[in-house]
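S.K.: upload35.tsv is reproduced in full below (TSV, C-alpha atoms).
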```tsv
chain	number	residue	atom	x	y	z
A	1	MET	CA	82.37	222.24	-16.54
A	2	ILE	CA	78.94	221.71	-14.96
A	3	ALA	CA	78.43	225.42	-14.27
A	4	GLU	CA	79.64	226.23	-17.80
A	5	ASN	CA	77.30	223.66	-19.34
A	6	LEU	CA	74.39	225.04	-17.33
A	7	SER	CA	75.00	228.59	-18.51
A	8	LYS	CA	75.16	227.43	-22.14
A	9	ILE	CA	71.77	225.71	-21.85
A	10	LEU	CA	70.16	228.59	-19.97
A	11	ALA	CA	71.31	230.92	-22.75
A	12	LYS	CA	69.33	228.81	-25.24
A	13	ILE	CA	66.03	228.67	-23.37
A	14	PRO	CA	63.41	231.36	-22.71
A	15	ASP	CA	62.87	232.63	-19.17
A	16	HIS	CA	59.48	230.92	-18.87
A	17	VAL	CA	60.99	227.44	-19.41
A	18	CYS	CA	61.89	225.51	-16.25
A	19	LEU	CA	65.14	223.56	-16.56
A	20	VAL	CA	65.16	220.28	-14.63
A	21	ALA	CA	68.74	219.01	-14.34
A	22	VAL	CA	68.53	215.21	-14.59
A	23	SER	CA	70.92	214.09	-11.87
A	24	LYS	CA	70.18	210.35	-11.88
A	25	THR	CA	73.35	208.26	-11.33
A	26	LYS	CA	75.30	211.45	-10.55
A	27	PRO	CA	77.05	211.90	-7.18
A	28	ALA	CA	75.95	214.49	-4.64
A	29	SER	CA	79.12	216.48	-5.38
A	30	ALA	CA	78.03	217.03	-9.01
A	31	ILE	CA	74.56	218.09	-7.92
A	32	LEU	CA	76.05	220.49	-5.38
A	33	GLU	CA	78.21	222.04	-8.10
A	34	ALA	CA	75.12	222.70	-10.22
A	35	TYR	CA	73.22	223.99	-7.18
A	36	GLN	CA	76.02	226.42	-6.34
A	37	ALA	CA	75.77	227.69	-9.93
A	38	GLY	CA	72.10	228.54	-9.27
A	39	GLN	CA	70.29	225.38	-10.36
A	40	MET	CA	67.36	224.49	-8.05
A	41	ASP	CA	65.41	221.76	-9.89
A	42	PHE	CA	66.84	218.24	-10.15
A	43	GLY	CA	65.34	215.08	-11.65
A	44	GLU	CA	65.73	211.52	-10.35
A	45	ASN	CA	64.21	208.29	-11.63
A	46	ARG	CA	64.83	205.94	-8.70
A	47	ALA	CA	63.42	206.21	-5.19
A	48	GLN	CA	66.64	204.84	-3.69
A	49	GLU	CA	68.71	207.66	-5.17
A	50	ILE	CA	66.38	210.31	-3.76
A	51	LEU	CA	66.56	208.63	-0.35
A	52	GLU	CA	70.37	208.72	-0.47
A	53	LYS	CA	70.76	212.24	-1.87
A	54	PHE	CA	67.98	214.08	-0.02
A	55	PRO	CA	69.66	214.17	3.42
A	56	ALA	CA	73.09	214.98	1.93
A	57	LEU	CA	72.11	218.07	-0.07
A	58	PRO	CA	70.53	221.52	0.58
A	59	LYS	CA	66.92	221.36	1.70
A	60	ASP	CA	65.68	224.02	-0.75
A	61	ILE	CA	66.46	221.81	-3.76
A	62	ARG	CA	63.29	220.98	-5.70
A	63	TRP	CA	63.35	217.24	-6.45
A	64	HIS	CA	61.44	216.01	-9.51
A	65	TYR	CA	60.60	212.33	-9.81
A	66	ILE	CA	60.84	211.60	-13.53
A	67	GLY	CA	61.04	207.80	-13.79
A	68	SER	CA	58.50	205.02	-13.72
A	69	LEU	CA	57.13	204.91	-10.18
A	70	GLN	CA	56.08	201.69	-8.49
A	71	THR	CA	53.19	202.02	-6.07
A	72	ASN	CA	55.23	200.47	-3.23
A	73	LYS	CA	57.84	203.24	-3.57
A	74	VAL	CA	55.40	206.15	-3.27
A	75	LYS	CA	55.55	206.36	0.52
A	76	GLN	CA	59.36	206.54	0.41
A	77	ILE	CA	59.49	209.72	-1.69
A	78	ILE	CA	56.16	211.46	-1.10
A	79	ASP	CA	57.51	213.86	1.56
A	80	LYS	CA	60.64	214.69	-0.45
A	81	VAL	CA	59.50	215.47	-3.99
A	82	HIS	CA	58.40	218.78	-5.49
A	83	LEU	CA	56.75	217.23	-8.56
A	84	ILE	CA	56.06	213.71	-9.87
A	85	HIS	CA	56.26	213.78	-13.68
A	86	SER	CA	55.32	210.14	-14.27
A	87	MET	CA	51.76	209.69	-13.03
A	88	ASP	CA	50.75	207.19	-15.70
A	89	ARG	CA	47.93	205.05	-14.29
A	90	GLU	CA	44.92	205.29	-12.00
A	91	ASN	CA	46.17	202.94	-9.27
A	92	LEU	CA	49.35	205.05	-8.93
A	93	PHE	CA	47.23	208.19	-8.52
A	94	ALA	CA	45.21	206.42	-5.80
A	95	GLU	CA	48.41	205.44	-3.97
A	96	ILE	CA	49.82	208.96	-4.15
A	97	GLU	CA	46.53	210.32	-2.81
A	98	LYS	CA	46.52	207.80	0.05
A	99	GLU	CA	50.11	208.51	1.12
A	100	ALA	CA	49.73	212.29	0.71
A	101	ALA	CA	46.66	212.20	2.98
A	102	LYS	CA	48.66	210.38	5.66
A	103	ILE	CA	51.16	213.23	5.89
A	104	ASN	CA	48.64	215.99	5.09
A	105	LYS	CA	50.64	217.24	2.11
A	106	LYS	CA	49.48	218.52	-1.27
A	107	VAL	CA	51.39	216.65	-3.97
A	108	ASP	CA	51.73	217.90	-7.54
A	109	VAL	CA	51.83	215.41	-10.41
A	110	LEU	CA	51.88	215.48	-14.20
A	111	LEU	CA	49.81	213.19	-16.41
A	112	GLN	CA	52.30	211.16	-18.40
A	113	PHE	CA	51.20	210.45	-21.97
A	114	HIS	CA	52.52	207.83	-24.36
A	115	ILE	CA	53.34	209.86	-27.47
A	116	ALA	CA	56.31	207.89	-28.85
A	117	GLN	CA	56.37	205.00	-31.29
A	118	GLU	CA	58.34	202.78	-28.87
A	119	ASP	CA	56.22	200.39	-26.81
A	120	THR	CA	58.80	200.56	-24.02
A	121	LYS	CA	57.72	204.09	-23.12
A	122	GLN	CA	54.81	204.40	-20.71
A	123	GLY	CA	51.87	206.70	-20.24
A	124	PHE	CA	48.16	207.28	-20.78
A	125	SER	CA	46.52	207.38	-24.16
A	126	ILE	CA	44.22	210.39	-24.47
A	127	GLU	CA	41.20	208.05	-24.17
A	128	GLU	CA	42.58	206.53	-20.96
A	129	ALA	CA	43.30	209.96	-19.53
A	130	ILE	CA	39.76	211.18	-20.20
A	131	LYS	CA	38.34	208.06	-18.57
A	132	PHE	CA	40.56	208.66	-15.54
A	133	LEU	CA	39.59	212.36	-15.29
A	134	ASN	CA	35.93	211.32	-15.23
A	135	SER	CA	36.57	208.70	-12.51
A	136	GLU	CA	35.49	208.96	-8.90
A	137	SER	CA	39.07	208.51	-7.66
A	138	PHE	CA	40.12	211.69	-9.47
A	139	LYS	CA	37.03	213.69	-8.53
A	140	LYS	CA	37.33	212.81	-4.84
A	141	ALA	CA	41.06	213.51	-4.56
A	142	GLN	CA	41.94	216.19	-2.03
A	143	TYR	CA	45.72	215.96	-1.79
A	144	THR	CA	46.93	215.17	-5.33
A	145	ARG	CA	46.96	218.02	-7.84
A	146	ILE	CA	47.43	217.50	-11.56
A	147	THR	CA	49.50	220.47	-12.72
A	148	GLY	CA	50.20	219.55	-16.34
A	149	VAL	CA	51.37	216.87	-18.74
A	150	MET	CA	54.58	215.01	-19.55
A	151	GLY	CA	55.75	212.94	-22.49
A	152	MET	CA	58.84	211.54	-24.21
A	153	ALA	CA	59.33	211.56	-27.95
A	154	THR	CA	60.63	208.63	-29.98
A	155	PHE	CA	64.42	208.19	-29.77
A	156	THR	CA	65.24	209.01	-33.39
A	157	GLN	CA	67.09	211.44	-35.65
A	158	ASP	CA	63.81	212.19	-37.44
A	159	LYS	CA	63.12	215.75	-36.32
A	160	GLU	CA	59.76	215.87	-38.08
A	161	LEU	CA	58.54	212.85	-36.11
A	162	ILE	CA	59.82	214.31	-32.84
A	163	SER	CA	58.09	217.61	-33.60
A	164	LYS	CA	54.84	215.84	-34.48
A	165	GLU	CA	54.88	213.92	-31.17
A	166	PHE	CA	55.58	217.04	-29.13
A	167	LYS	CA	52.77	218.89	-30.91
A	168	THR	CA	50.47	216.00	-30.05
A	169	LEU	CA	51.28	216.42	-26.35
A	170	LYS	CA	50.73	220.17	-26.58
A	171	SER	CA	47.30	219.52	-28.14
A	172	PHE	CA	46.44	217.11	-25.29
A	173	PHE	CA	47.40	219.81	-22.77
A	174	GLU	CA	45.22	222.40	-24.49
A	175	MET	CA	42.23	220.07	-24.69
A	176	LEU	CA	42.49	219.06	-21.04
A	177	LYS	CA	42.95	222.69	-19.97
A	178	ARG	CA	39.78	223.62	-21.84
A	179	ASP	CA	37.65	220.66	-20.76
A	180	TYR	CA	38.87	219.78	-17.25
A	181	PHE	CA	41.19	222.43	-15.81
A	182	GLN	CA	39.86	225.73	-17.12
A	183	ASN	CA	39.50	227.09	-13.58
A	184	ASN	CA	42.76	225.60	-12.31
A	185	PRO	CA	45.62	228.09	-12.80
A	186	GLU	CA	48.10	225.53	-11.45
A	187	PHE	CA	47.50	223.34	-14.54
A	188	GLN	CA	50.27	224.91	-16.59
A	189	SER	CA	53.25	222.58	-17.08
A	190	ILE	CA	54.18	220.88	-20.35
A	191	SER	CA	57.19	218.72	-19.50
A	192	MET	CA	58.79	217.58	-22.74
A	193	GLY	CA	62.26	217.72	-24.19
A	194	MET	CA	65.58	216.22	-23.13
A	195	SER	CA	69.26	216.81	-23.95
A	196	GLY	CA	68.90	215.80	-27.60
A	197	ASP	CA	65.58	217.42	-28.45
A	198	PHE	CA	64.78	220.20	-25.98
A	199	GLU	CA	65.04	222.95	-28.59
A	200	ILE	CA	62.43	221.21	-30.75
A	201	ALA	CA	60.27	220.72	-27.64
A	202	ILE	CA	60.40	224.41	-26.72
A	203	ALA	CA	59.45	225.36	-30.29
A	204	CYS	CA	56.42	223.05	-29.89
A	205	GLY	CA	55.29	224.62	-26.61
A	206	SER	CA	57.29	222.97	-23.82
A	207	ASN	CA	57.77	225.03	-20.66
A	208	MET	CA	59.70	222.38	-18.71
A	209	ILE	CA	62.68	220.44	-20.06
A	210	ARG	CA	64.61	217.54	-18.52
A	211	VAL	CA	68.31	217.74	-19.36
A	212	GLY	CA	71.01	215.42	-18.01
A	213	SER	CA	73.98	214.58	-20.21
A	214	ALA	CA	74.24	218.10	-21.66
A	215	ILE	CA	74.81	219.36	-18.09
A	216	PHE	CA	76.62	216.56	-16.27
A	217	GLY	CA	78.24	214.76	-19.22
A	218	GLU	CA	77.58	211.22	-20.42
A	219	ARG	CA	76.99	208.53	-17.85
```
Starting from the file, give its structure as structure tokens.
M.R.:
Amino acid sequence: MIAENLSKILAKIPDHVCLVAVSKTKPASAILEAYQAGQMDFGENRAQEILEKFPALPKDIRWHYIGSLQTNKVKQIIDKVHLIHSMDRENLFAEIEKEAAKINKKVDVLLQFHIAQEDTKQGFSIEEAIKFLNSESFKKAQYTRITGVMGMATFTQDKELISKEFKTLKSFFEMLKRDYFQNNPEFQSISMGMSGDFEIAIACGSNMIRVGSAIFGER
């Protein structure tokens, strides 16, 4: 079923959209089934799960950290992840930079924005992001690369609201590209859209979606 579900989703998305299969809480056997069907990008939201799954699965898997990341967990995952989607505060950026320097590794991160109506969701406001991008800690960074933006829409059936929030994130991306990353070709990812709203997200400009239940089934 996993391979079948994957092919159904891939048939719905354009070639330029990266599909991140959200494998949190799923066993290594399910991830391996998706991998054998050609899936390379997997998303986890807990450091402990990456630590358990990383040694048990193929080394060419690209692991995406998509959950809230505590600073004291950075050193546990820094050498294992392909992309951190949830860089949502300046002290986390500083910690990623510090740990990346220790192992001499370039680490890619996305600026997470708070675009939803729920207070429980995290992320920068656009004002906070601009302040951060003008800070010394960002300007001096040598190992941490910001390669795009990430956001989660409100959990609702209101498609107009979801679309409005995704368009807001796309506008943030375009403004930051123009004002801060014009000469940085690696700044290109707009990570938005999950199992219930990825088609809306793609219509609003997403080029990276995070899909779990539609691939692996409900938890």
S.K.: Smallest atom-to-atom distance to Lys164 of chain A: which of A:Cys204, A:Met194, A:Glu127, A:Gln70, using only C-alpha atoms?
M.R.: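 Using only C-alpha atoms, Lys164 of chain A sits closest to A:Cys204.
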S.K.: Within 9 Å of (78.1, 215.7, -17.6) (coordinates as in the file), grab all the protein and nucleic acid residues, counting only C-alpha atoms, and write them out as a compact mmCIF listing (two decimals) with C-alpha atoms, keeping the file's coordinate frame.
M.R.:
```txt
# COMPACT_ATOMS: atom_id res chain seq x y z
CA MET A 1 82.37 222.24 -16.54
CA ILE A 2 78.94 221.71 -14.96
CA ASN A 5 77.30 223.66 -19.34
CA LYS A 26 75.30 211.45 -10.55
CA ALA A 30 78.03 217.03 -9.01
CA GLY A 212 71.01 215.42 -18.01
CA SER A 213 73.98 214.58 -20.21
CA ALA A 214 74.24 218.10 -21.66
CA ILE A 215 74.81 219.36 -18.09
CA PHE A 216 76.62 216.56 -16.27
CA GLY A 217 78.24 214.76 -19.22
CA GLU A 218 77.58 211.22 -20.42
CA ARG A 219 76.99 208.53 -17.85
```
S.K.: Find the residue from A:Ile200, A:Leu176, A:Val107, A:Ile209 that sits nearest to Leu133 of chain A; use only C-alpha atoms when measuring.
M.R.: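 Going through A:Ile200, A:Leu176, A:Val107, A:Ile209 one by one, the smallest distance to Leu133 of chain A is for A:Leu176.
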S.K.: If I put a ball of radius 8 Å at (58.5, 216.1, -4.9) in the file's coordinates, which residues poke into it when counting all atoms listed in the file, written as JSON, numbers by chain?
M.R.: {"A": [62, 63, 64, 65, 77, 78, 79, 80, 81, 82, 83, 84, 107, 108]}
S.K.: Next, dump the selected residues to file, keeping only C-alpha atoms, as a JSON list (two decimals), in the coordinates of the input.
M.R.:
```
[["chain", "number", "residue", "atom", "x", "y", "z"],
["A", 62, "ARG", "CA", 63.29, 220.98, -5.70],
["A", 63, "TRP", "CA", 63.35, 217.24, -6.45],
["A", 64, "HIS", "CA", 61.44, 216.01, -9.51],
["A", 65, "TYR", "CA", 60.60, 212.33, -9.81],
["A", 77, "ILE", "CA", 59.49, 209.72, -1.69],
["A", 78, "ILE", "CA", 56.16, 211.46, -1.10],
["A", 79, "ASP", "CA", 57.51, 213.86, 1.56],
["A", 80, "LYS", "CA", 60.64, 214.69, -0.45],
["A", 81, "VAL", "CA", 59.50, 215.47, -3.99],
["A", 82, "HIS", "CA", 58.40, 218.78, -5.49],
["A", 83, "LEU", "CA", 56.75, 217.23, -8.56],
["A", 84, "ILE", "CA", 56.06, 213.71, -9.87],
["A", 107, "VAL", "CA", 51.39, 216.65, -3.97],
["A", 108, "ASP", "CA", 51.73, 217.90, -7.54]]
```
S.K.: Mind checking which residues fall within 10 Å of Gln157 of chain A, counting only C-alpha atoms, ignoring those fewer than 3 positions away in the same chain, and posting them as a PyMOL selection string?
M.R.: chain A and resi 154+160-162+196-197
S.K.: With distances taken over only C-alpha atoms, which of A:Ala100, A:Ile115, A:Leu10, A:Met87 is nearest to Ile146 of chain A?
M.R.: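 Selected residue with least distance to Ile146 of chain A: A:Met87.
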S.K.: With all atoms listed in the file as the basis for distance, which of A:Gly123, A:Phe113, A:Pro185, A:Asn134 is at the shortest distance from Thr147 of chain A?
M.R.: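 Going through A:Gly123, A:Phe113, A:Pro185, A:Asn134 one by one, the smallest distance to Thr147 of chain A is for A:Pro185.
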S.K.: Using only C-alpha atoms, pick whichever of A:Gly148, A:Thr156, A:Arg210, A:Lys121 has the shortest atom-to-atom distance to Gln188 of chain A.
M.R.: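 With only C-alpha atoms as the atom set, the closest residue is A:Gly148.
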S.K.: May I ask which of the residues A:Lys102, A:Val20, A:Gly43, A:Ala94 is the closest one to Ala141 of chain A, counting all atoms listed in the file?
M.R.: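 Looking at the shortest contact to Ala141 of chain A, the residue is A:Ala94.
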S.K.: Using 8 Å of padding on each side, determine the axis-aligned box around all atoms of segment 31-35 of chain A present in the file and give its centre and edge lengths in Å to one decimal, as JSON.
M.R.:
```
{"center_x": 75.7, "center_y": 221.0, "center_z": -7.8, "size_x": 21.0, "size_y": 21.9, "size_z": 20.8}
```
S.K.: Separation of atom CA of Glu4 of chain A and atom CA of Gln48 of chain A, in Å?
M.R.: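 Separation of atom CA of Glu4 of chain A and atom CA of Gln48 of chain A: 28.7 Å.
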S.K.: Which neighbours of Ile130 of chain A fall inside 10 Å, counting all atoms listed in the file, when residues of the same chain fewer than 5 positions from it are skipped, and could you give them as a list in words?
M.R.: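 Selected residues are Phe124, Ser125, Ser135, Leu176, Asp179 and Tyr180 of chain A.
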S.K.: Give me, please, the distance in Å between atom CA of Leu92 of chain A and atom CA of Leu69 of chain A, quoted to one decimal.
M.R.: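 Pair atom CA of Leu92 of chain A / atom CA of Leu69 of chain A returns 7.9 Å.
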S.K.: What does the structure give for the distance between atom CA of Ala47 of chain A and atom CA of Lys73 of chain A, in Å to one decimal?
M.R.: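 A separation of 6.5 Å between them.
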S.K.: Hey, what's within 12 Å of Leu57 of chain A if we count all atoms listed in the file and toss same-chain stuff fewer than 5 positions away? As a list in words, please?
M.R.: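 Close residues of Leu57 of chain A: Pro27, Ala28, Ser29, Ala30, Ile31, Leu32, Glu33, Ala34, Tyr35, Gln36, Met40, Phe42, Ile50, Leu51, Glu52, Arg62, Trp63 and Lys80 of chain A.
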